[in-house]
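S.K.: The structure's right below; bear with me while I get my questions together.
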Amino acid sequence: MTAIRVLLVDDDPLVRAGLSFMMGGADDIEIVGEAADGGEVEALVDRTRPHVVLMDIRMPAVDGLTATESLRRREDAPQVVVLTTFHADEQVLRALRAGAAGFVLKDT
């Protein structure tokens with residue numbers, strides 16, 4: 001079985017550590033990298049070739065919306081799932097319009 005390759009992108013190191021811990025125990029998920037900012041994503045995608053990028057919407061420098069738009073323009077674009085703290089967030093709708101495959105609430 002081929003593992004799903006996941007890149008984690010969140011400015012909070014505790015969130016990244018928690019996600020890595022939770023998903024790292026699954027046999028069919030491989031965490032291939034982590035980034036603290038959307039500006040790091042393109043280079044990490046080139047190096048690690050993830051199937052999925054799990055990305056926070058709100059980050060201080062390059063936000064998840066900008067990074068999602070940039071990634072989805074690529075010919076070899078991985079799927080993007082955005083992380084958010086709000087159910088009905090305009091940012092979530094913008095991320096979905098930008099090409100995100102879905103979203104996950106941080107409190108779930």
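Each chain in the structure tokens gets a letter, A, B, ..., in the order shown, and its residues are numbered from 1; ligands are numbered from 1 in order too.
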Where in chain A does DSSP assign helix (DSSP H, G or I), given as a ChimeraX atom specification?

M.R.: /A:13-24,38-48,64-72,90-97

S.K.: Residues as selected, C-alpha atoms, written as a PDB file, in the first residue's frame, can you do that?

M.R.:
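Contents of selection.pdb, freshly written:
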ATOM      1  CA  PRO A  13       4.811  24.770  16.096  1.00  0.00           C
ATOM      2  CA  LEU A  14       2.484  23.122  18.638  1.00  0.00           C
ATOM      3  CA  VAL A  15      -0.218  22.651  16.004  1.00  0.00           C
ATOM      4  CA  ARG A  16       2.329  21.142  13.604  1.00  0.00           C
ATOM      5  CA  ALA A  17       3.650  18.836  16.335  1.00  0.00           C
ATOM      6  CA  GLY A  18       0.137  17.736  17.311  1.00  0.00           C
ATOM      7  CA  LEU A  19      -0.901  17.040  13.724  1.00  0.00           C
ATOM      8  CA  SER A  20       2.332  15.188  13.067  1.00  0.00           C
ATOM      9  CA  PHE A  21       1.835  13.082  16.190  1.00  0.00           C
ATOM     10  CA  MET A  22      -1.800  12.253  15.384  1.00  0.00           C
ATOM     11  CA  MET A  23      -1.269  11.426  11.730  1.00  0.00           C
ATOM     12  CA  GLY A  24       2.200   9.954  12.054  1.00  0.00           C
ATOM     13  CA  GLY A  38       3.113  29.782   3.120  1.00  0.00           C
ATOM     14  CA  GLY A  39       6.252  31.219   1.556  1.00  0.00           C
ATOM     15  CA  GLU A  40       8.096  27.970   2.256  1.00  0.00           C
ATOM     16  CA  VAL A  41       5.517  25.742   0.584  1.00  0.00           C
ATOM     17  CA  GLU A  42       6.590  25.806  -3.085  1.00  0.00           C
ATOM     18  CA  ALA A  43      10.183  24.777  -2.337  1.00  0.00           C
ATOM     19  CA  LEU A  44       9.041  22.054   0.060  1.00  0.00           C
ATOM     20  CA  VAL A  45       6.564  20.705  -2.483  1.00  0.00           C
ATOM     21  CA  ASP A  46       9.393  20.527  -5.023  1.00  0.00           C
ATOM     22  CA  ARG A  47      11.602  18.627  -2.568  1.00  0.00           C
ATOM     23  CA  THR A  48       9.082  16.333  -0.879  1.00  0.00           C
ATOM     24  CA  GLY A  64      -2.668  29.964   3.256  1.00  0.00           C
ATOM     25  CA  LEU A  65      -4.908  31.567   0.621  1.00  0.00           C
ATOM     26  CA  THR A  66      -1.987  33.002  -1.307  1.00  0.00           C
ATOM     27  CA  ALA A  67      -0.030  29.759  -0.997  1.00  0.00           C
ATOM     28  CA  THR A  68      -3.056  27.701  -2.102  1.00  0.00           C
ATOM     29  CA  GLU A  69      -3.595  29.862  -5.189  1.00  0.00           C
ATOM     30  CA  SER A  70       0.066  29.535  -6.087  1.00  0.00           C
ATOM     31  CA  LEU A  71       0.141  25.757  -5.587  1.00  0.00           C
ATOM     32  CA  ARG A  72      -3.042  25.096  -7.544  1.00  0.00           C
ATOM     33  CA  GLU A  90     -15.172  33.919   4.326  1.00  0.00           C
ATOM     34  CA  GLN A  91     -11.531  32.853   4.169  1.00  0.00           C
ATOM     35  CA  VAL A  92     -12.631  29.200   3.852  1.00  0.00           C
ATOM     36  CA  LEU A  93     -14.878  30.091   0.918  1.00  0.00           C
ATOM     37  CA  ARG A  94     -12.019  31.981  -0.709  1.00  0.00           C
ATOM     38  CA  ALA A  95      -9.697  29.003  -0.184  1.00  0.00           C
ATOM     39  CA  LEU A  96     -12.220  26.649  -1.789  1.00  0.00           C
ATOM     40  CA  ARG A  97     -12.594  29.031  -4.728  1.00  0.00           C
TER      41      ARG A  97
END

S.K.: Which value, in Å to one decimal, gives the distance between CA of Glu34 in chain A and CA of Val6 in chain A?

M.R.: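 So the answer is 8.9 Å.
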
S.K.: Between CA of Ala3 in chain A and CA of Glu30 in chain A, what is the distance in Å, rounded to a tenth?

M.R.: 5.9 Å

S.K.: Go through A:Ile4, A:Ile29, A:Phe86, A:Gln79 one by one, measure the shortest atom-to-atom distance of each to Leu54 in chain A using only C-alpha atoms, and give the residue with the smallest value.

M.R.: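 The shortest atom-to-atom distance to Leu54 in chain A comes from A:Gln79.
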
S.K.: What is the distance between CA of Gly99 in chain A and CA of Thr2 in chain A, in Å to one decimal?

M.R.: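 It comes out at 24.5 Å.
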
S.K.: Once DSSP has gone over the backbone, tell me which residues of chain A are in strand (DSSP E), as a ChimeraX atom specification.

M.R.: /A:4-9,29-35,52-56,79-84,102-105

S.K.: Can you write out the residues you just picked, keeping C-alpha atoms, as a compact mmCIF listing (two decimals), in the first residue's frame?

M.R.:
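What ended up in part20.txt:
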# COMPACT_ATOMS: atom_id res chain seq x y z
CA ILE A 4 -0.46 9.33 1.50
CA ARG A 5 2.35 11.88 1.58
CA VAL A 6 1.36 14.93 3.66
CA LEU A 7 3.06 18.31 4.06
CA LEU A 8 2.02 20.27 7.19
CA VAL A 9 1.96 24.08 7.03
CA ILE A 29 0.06 8.44 6.10
CA GLU A 30 3.61 9.72 5.81
CA ILE A 31 4.46 13.23 7.02
CA VAL A 32 7.04 14.37 4.46
CA GLY A 33 7.71 17.86 5.78
CA GLU A 34 6.63 20.86 7.80
CA ALA A 35 6.61 24.59 7.17
CA VAL A 52 -1.72 16.56 0.18
CA VAL A 53 -0.78 19.89 1.77
CA LEU A 54 -2.59 20.50 5.07
CA MET A 55 -2.33 24.27 5.46
CA ASP A 56 -3.47 26.91 7.93
CA GLN A 79 -4.36 18.60 -3.15
CA VAL A 80 -4.71 21.34 -0.52
CA VAL A 81 -6.82 21.01 2.62
CA VAL A 82 -7.02 24.18 4.68
CA LEU A 83 -7.10 24.41 8.47
CA THR A 84 -9.34 26.96 10.14
CA GLY A 102 -11.67 20.98 1.52
CA PHE A 103 -11.19 22.29 5.03
CA VAL A 104 -10.75 20.94 8.54
CA LEU A 105 -11.65 22.74 11.75

S.K.: Looking at only C-alpha atoms, which of A:Ala36, A:Ala100, A:Met1, A:Ala26 is the one that sits closest to Arg73 in chain A?

M.R.: A:Ala100

S.K.: Using only C-alpha atoms, pick whichever of A:Asp76, A:Asp27, A:Asp63, A:Asp37 has the shortest atom-to-atom distance to His51 in chain A.

M.R.: A:Asp76
